[in-house]
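Asks: The structure under discussion is supplied below as structure tokens; questions concerning it will follow.
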Amino acid sequence: MVDTGPAPADAPRAPEPTLREALTELRRYVAPERRRLLTAGLLLLLSGAVGLVQPLVVQHLLGGTDPLRGAARPLLALMALVVVGAAASAYGGYQLSSAAEGAVLTARRQLTAHVLRLPMTAFRRATPGDLMARVTGDTTLLRQVVQQTLVQAVTGLVMTLGALVMMAVLDPVLLGASVLAIALLLGALGLVMPRIRRASIGAQDSVGEMGAVLDRSLTAFTTVKACGAEESEARRVADAAERAYRHGVVRARWDSTANAAALLAVHLVFLVVLGVGALRVSYGAIPVATLVAFLLYVFFLTEPVMSLVGVVAFAQTGRAALQRIGEITRLPPEPPRSSAASAEAAAAVGAAAAAGAGPGGPAVVFDRVSFRYPGSPDPVLRDFSLAVPAVGLTALVGPSGAGKSTVLNLVERFWDPDAGSILLDGAEVRDWDLHRLRSVIGYVEQDAPVMAGSLRENLAYATDRATAAELREVLELTKLDGLLARLGGDLDAPVQYRGVSLSGGERQRIAIARALLRRPRLLLLDEATSQLDAVNEAALRSVVQDLAARMPVLAVAHRLSTVRDAARIAVVQSGTVRAVGTHEELLRSDPLYAQLAAQQLLTGASPSGPINSPVVTGS
């Protein structure tokens, strides 16, 4: 039985990051793009500076006594400024877009690597669909943050301040009227932006929820079809999509409100300047050329002001995205592979292993191990003790929910025990480098996955240096040479997604071949023969017996026929080993094992009824 433990709880909502925390998180992804961002910023500033000069050229052109005479040079200068500004803006925009794509790539690489290194305890706090939404959708929002926030925040602010300075030089009175309208805009934005942030978080959470629901439906696609549940599953996805739609509409409404407020403020500034300026011109306080230049600066302000409004709005969306990404990146990952710094610790483990794994000594020792899944009220294992010999097949049998699969998961350190110790080759598994530990163990789970790709890629999934001869050897060993023949003898023939073109037995044998190809020092089998027919089960049992003659094999089995010839069989009930012996010994000494054997017609006795065992999470 596949060991899943209790259903994962929803991941707790992390506190909203401060602006400084959000910028720190963002800096991790934009740091490799510093040069392109700097280039883009300088070019956009150049383009803005060119725009700042143009009204002065117009003022000079209109302020002369005879504007038509000598206009050629100012017009040529104005045309040159326009061309330079357009070129700087175009190339700066290209550099900015490239930097944004680079930041998204960095974020996706880092987030994917982090997710794949999460321990089971952390991985179970989120659903695969939500994780995919964070890796794909939330990181996409970083593109908008970089393009419309980082550089534009600086360039927009500089251009706005530059325009205000030039307007102050032209006429401080008109500047005062302009600043009053801008102050009204800032007040309105202060009321709108928190609503944009809340709507952004809700929209992105809803997209993650939709991904989780859709992932559930597609993962169990055959079950959905068999149960005729297409309509109910479609409704689930549609309901999640509708929630995302509602949040998106709310965000769009407040985005539009912010943009409308910005446009209204710019138009208000124009009307105020036009009215006040006309009065000042009529009184002779300023010339018409100054008023025209001032109005051009008002028009110039439209782009940087709208840019800053967009910056503030997208900052809320980006902050929400960084919050969701940060909820994952702040989860502690499993330890990385051993480095030179940990060589001393690895040597210590090697010494302990050499000392503890003498001839005939146990390969794995469970010493009073207890474990409960997070959030589960009852322990799965209680004082579990067992010694697995260095050579031979040791089988774990017992009722469903007894904790058998959990035992294998603890050896792999998918989980760590709450109490007790597990020794592998005489060394505590917690002291092993995690990558090294898993590299010496061949693990075959019950629901053996087949990856999309070729047969070669599936077999050599964790052993990329395997030769064609080695691949064909394990195929023959696991009786998959018939499958290879069906594929035209081509190791690179494609295997469909999730192995839908293969039988259940073929999928499991591919998983076993994959494990054998690593030449493990310990083989763990979790119901590895549950989907094999009698002929293939007998053939694989022979393979396992051959392997057990030279290495330790620890197997979980519900079908006792698979392990009846095992050197040691441990009967597990309610998380505890109740009896250990051979098949014949247990038939005579343990009523539970005798009942299991009778139910599977492995003895002449008739089954005595259902096996009563407390329901315990795990198997």
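In the structure tokens, chains take letters A, B, ... by order of appearance, with residues numbered from 1 within each chain and ligands from 1 in the order shown.
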Please identify all polymer residues within 10 Å of segment 129-143 of chain A, counting only C-alpha atoms, omitting same-chain residues fewer than 4 positions from it, and present them as a ChimeraX atom specification.
Replies: /A:26,29-30,96-112,115,123,147-149,204-216,314-315,317-328
Asks: Restrict the calculation to only C-alpha atoms, then for each residue of segment 492-565 of chain A with any atom at most 9 Å from an atom of segment 407-424 of chain A give the closest atom pair and their distance in Å to one decimal, rows by chain and rising residue number, as a Markdown table.
Replies:
```
| residue | atom | partner | partner_atom | distance |
| --- | --- | --- | --- | --- |
| A:Leu524 | CA | A:Leu408 | CA | 6.8 |
| A:Leu525 | CA | A:Leu408 | CA | 8.3 |
| A:Asp526 | CA | A:Leu408 | CA | 7.7 |
| A:Leu554 | CA | A:Leu408 | CA | 8.1 |
| A:Ala555 | CA | A:Leu408 | CA | 8.5 |
| A:Val556 | CA | A:Leu408 | CA | 8.3 |
```
Asks: Just to be explicit: take each residue in the selection above, keep N, CA and C atoms, and write the result as a PDB file, in the first residue's frame.
Replies:
```pdb
ATOM      1  N   LEU A 524      14.848  -2.014  -1.165  1.00  0.00           N
ATOM      2  CA  LEU A 524      13.568  -1.882  -0.485  1.00  0.00           C
ATOM      3  C   LEU A 524      12.458  -2.077  -1.510  1.00  0.00           C
ATOM      4  N   LEU A 525      11.566  -3.011  -1.240  1.00  0.00           N
ATOM      5  CA  LEU A 525      10.459  -3.304  -2.150  1.00  0.00           C
ATOM      6  C   LEU A 525       9.144  -3.091  -1.422  1.00  0.00           C
ATOM      7  N   ASP A 526       8.344  -2.155  -1.906  1.00  0.00           N
ATOM      8  CA  ASP A 526       7.043  -1.876  -1.285  1.00  0.00           C
ATOM      9  C   ASP A 526       5.952  -2.414  -2.197  1.00  0.00           C
ATOM     10  N   LEU A 554      14.689  -5.795   1.908  1.00  0.00           N
ATOM     11  CA  LEU A 554      13.586  -5.593   2.859  1.00  0.00           C
ATOM     12  C   LEU A 554      12.337  -5.321   2.038  1.00  0.00           C
ATOM     13  N   ALA A 555      11.353  -6.212   2.141  1.00  0.00           N
ATOM     14  CA  ALA A 555      10.180  -6.139   1.272  1.00  0.00           C
ATOM     15  C   ALA A 555       8.904  -6.086   2.086  1.00  0.00           C
ATOM     16  N   VAL A 556       7.995  -5.190   1.669  1.00  0.00           N
ATOM     17  CA  VAL A 556       6.637  -5.156   2.212  1.00  0.00           C
ATOM     18  C   VAL A 556       5.756  -5.964   1.278  1.00  0.00           C
TER      19      VAL A 556
END
```
Asks: Report as a ChimeraX atom specification all protein, DNA and RNA residues lying within 7 Å of Ala88 of chain A, evaluated on only C-alpha atoms, omitting residues in the same chain fewer than 6 positions from it.
Replies: /A:43-44,46-47
Asks: Between A:Val298, A:Ala153, A:Val397, A:Leu491, which is the closest to Ala460 of chain A once you count only C-alpha atoms?
Replies: A:Leu491
Asks: Could you check how far atom CA of Met167 of chain A sits from atom CA of Gly93 of chain A, in Å to one decimal?
Replies: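 Calculated distance between atom CA of Met167 of chain A and atom CA of Gly93 of chain A is 27.1 Å.
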Asks: Do you have the atom CA of Met551 of chain A-atom CA of Val369 of chain A distance handy?
Replies: 23.6 Å
Asks: Any chance you could list, as number ranges by chain, the residues in segment 428-539 of chain A that come up strand (DSSP E or B) when DSSP is run on the backbone?
Replies: A: 428, 441-444, 453-454, 494-495, 522-526
Asks: Write the residues of the preceding selection, restricted to C-alpha atoms, as a PDB file, in the first residue's frame.
Replies:
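Saved result, result.pdb, follows:
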```
ATOM      1  CA  GLU A 428      22.654   6.177  12.344  1.00  0.00           C
ATOM      2  CA  ILE A 441      19.423   2.185  -1.491  1.00  0.00           C
ATOM      3  CA  GLY A 442      17.256   0.850  -4.274  1.00  0.00           C
ATOM      4  CA  TYR A 443      13.638   1.764  -3.502  1.00  0.00           C
ATOM      5  CA  VAL A 444      10.642   0.452  -5.425  1.00  0.00           C
ATOM      6  CA  GLY A 453      10.127   9.995 -22.243  1.00  0.00           C
ATOM      7  CA  SER A 454      11.922   6.973 -23.656  1.00  0.00           C
ATOM      8  CA  PRO A 494       8.910   6.674 -26.353  1.00  0.00           C
ATOM      9  CA  VAL A 495       6.843   5.655 -23.343  1.00  0.00           C
ATOM     10  CA  LEU A 522      20.130  -2.366   0.142  1.00  0.00           C
ATOM     11  CA  LEU A 523      16.950  -3.070  -1.797  1.00  0.00           C
ATOM     12  CA  LEU A 524      13.568  -1.882  -0.485  1.00  0.00           C
ATOM     13  CA  LEU A 525      10.459  -3.304  -2.150  1.00  0.00           C
ATOM     14  CA  ASP A 526       7.043  -1.876  -1.285  1.00  0.00           C
TER      15      ASP A 526
END
```
Asks: Which residues come within 7 Å of segment 533-543 of chain A, counting only C-alpha atoms, excluding same-chain residues fewer than 2 positions away, as a list in words?
Replies: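 Listed by chain and then number, they are Leu477, Thr478, Thr529, Gln531, Gln545, Asp546, Leu547 and Thr562 of chain A.
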Asks: Just write the chosen residues, C-alpha atoms, as a PDB file, in the first residue's frame.
Replies:
```pdb
ATOM      1  CA  LEU A 477      16.587  -9.813 -15.325  1.00  0.00           C
ATOM      2  CA  THR A 478      13.119  -8.326 -14.745  1.00  0.00           C
ATOM      3  CA  THR A 529       4.743  -7.610  -7.153  1.00  0.00           C
ATOM      4  CA  GLN A 531       0.297  -6.015 -10.064  1.00  0.00           C
ATOM      5  CA  GLN A 545      15.915 -14.524  -4.269  1.00  0.00           C
ATOM      6  CA  ASP A 546      19.045 -14.286  -6.410  1.00  0.00           C
ATOM      7  CA  LEU A 547      19.595 -10.713  -5.258  1.00  0.00           C
ATOM      8  CA  THR A 562       5.752 -13.409  -2.855  1.00  0.00           C
TER       9      THR A 562
END
```
Asks: Quote the spacing between atom CA of Ser589 of chain A and atom CA of Arg550 of chain A in Å to one decimal place.
Replies: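 Between atom CA of Ser589 of chain A and atom CA of Arg550 of chain A the gap is 29.0 Å.
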Asks: Quick one: residues within 9 Å of Pro389 of chain A, only C-alpha atoms counted, chain neighbours fewer than 6 positions away excluded, as a PyMOL selection string?
Replies: chain A and resi 360-365+551-553+568
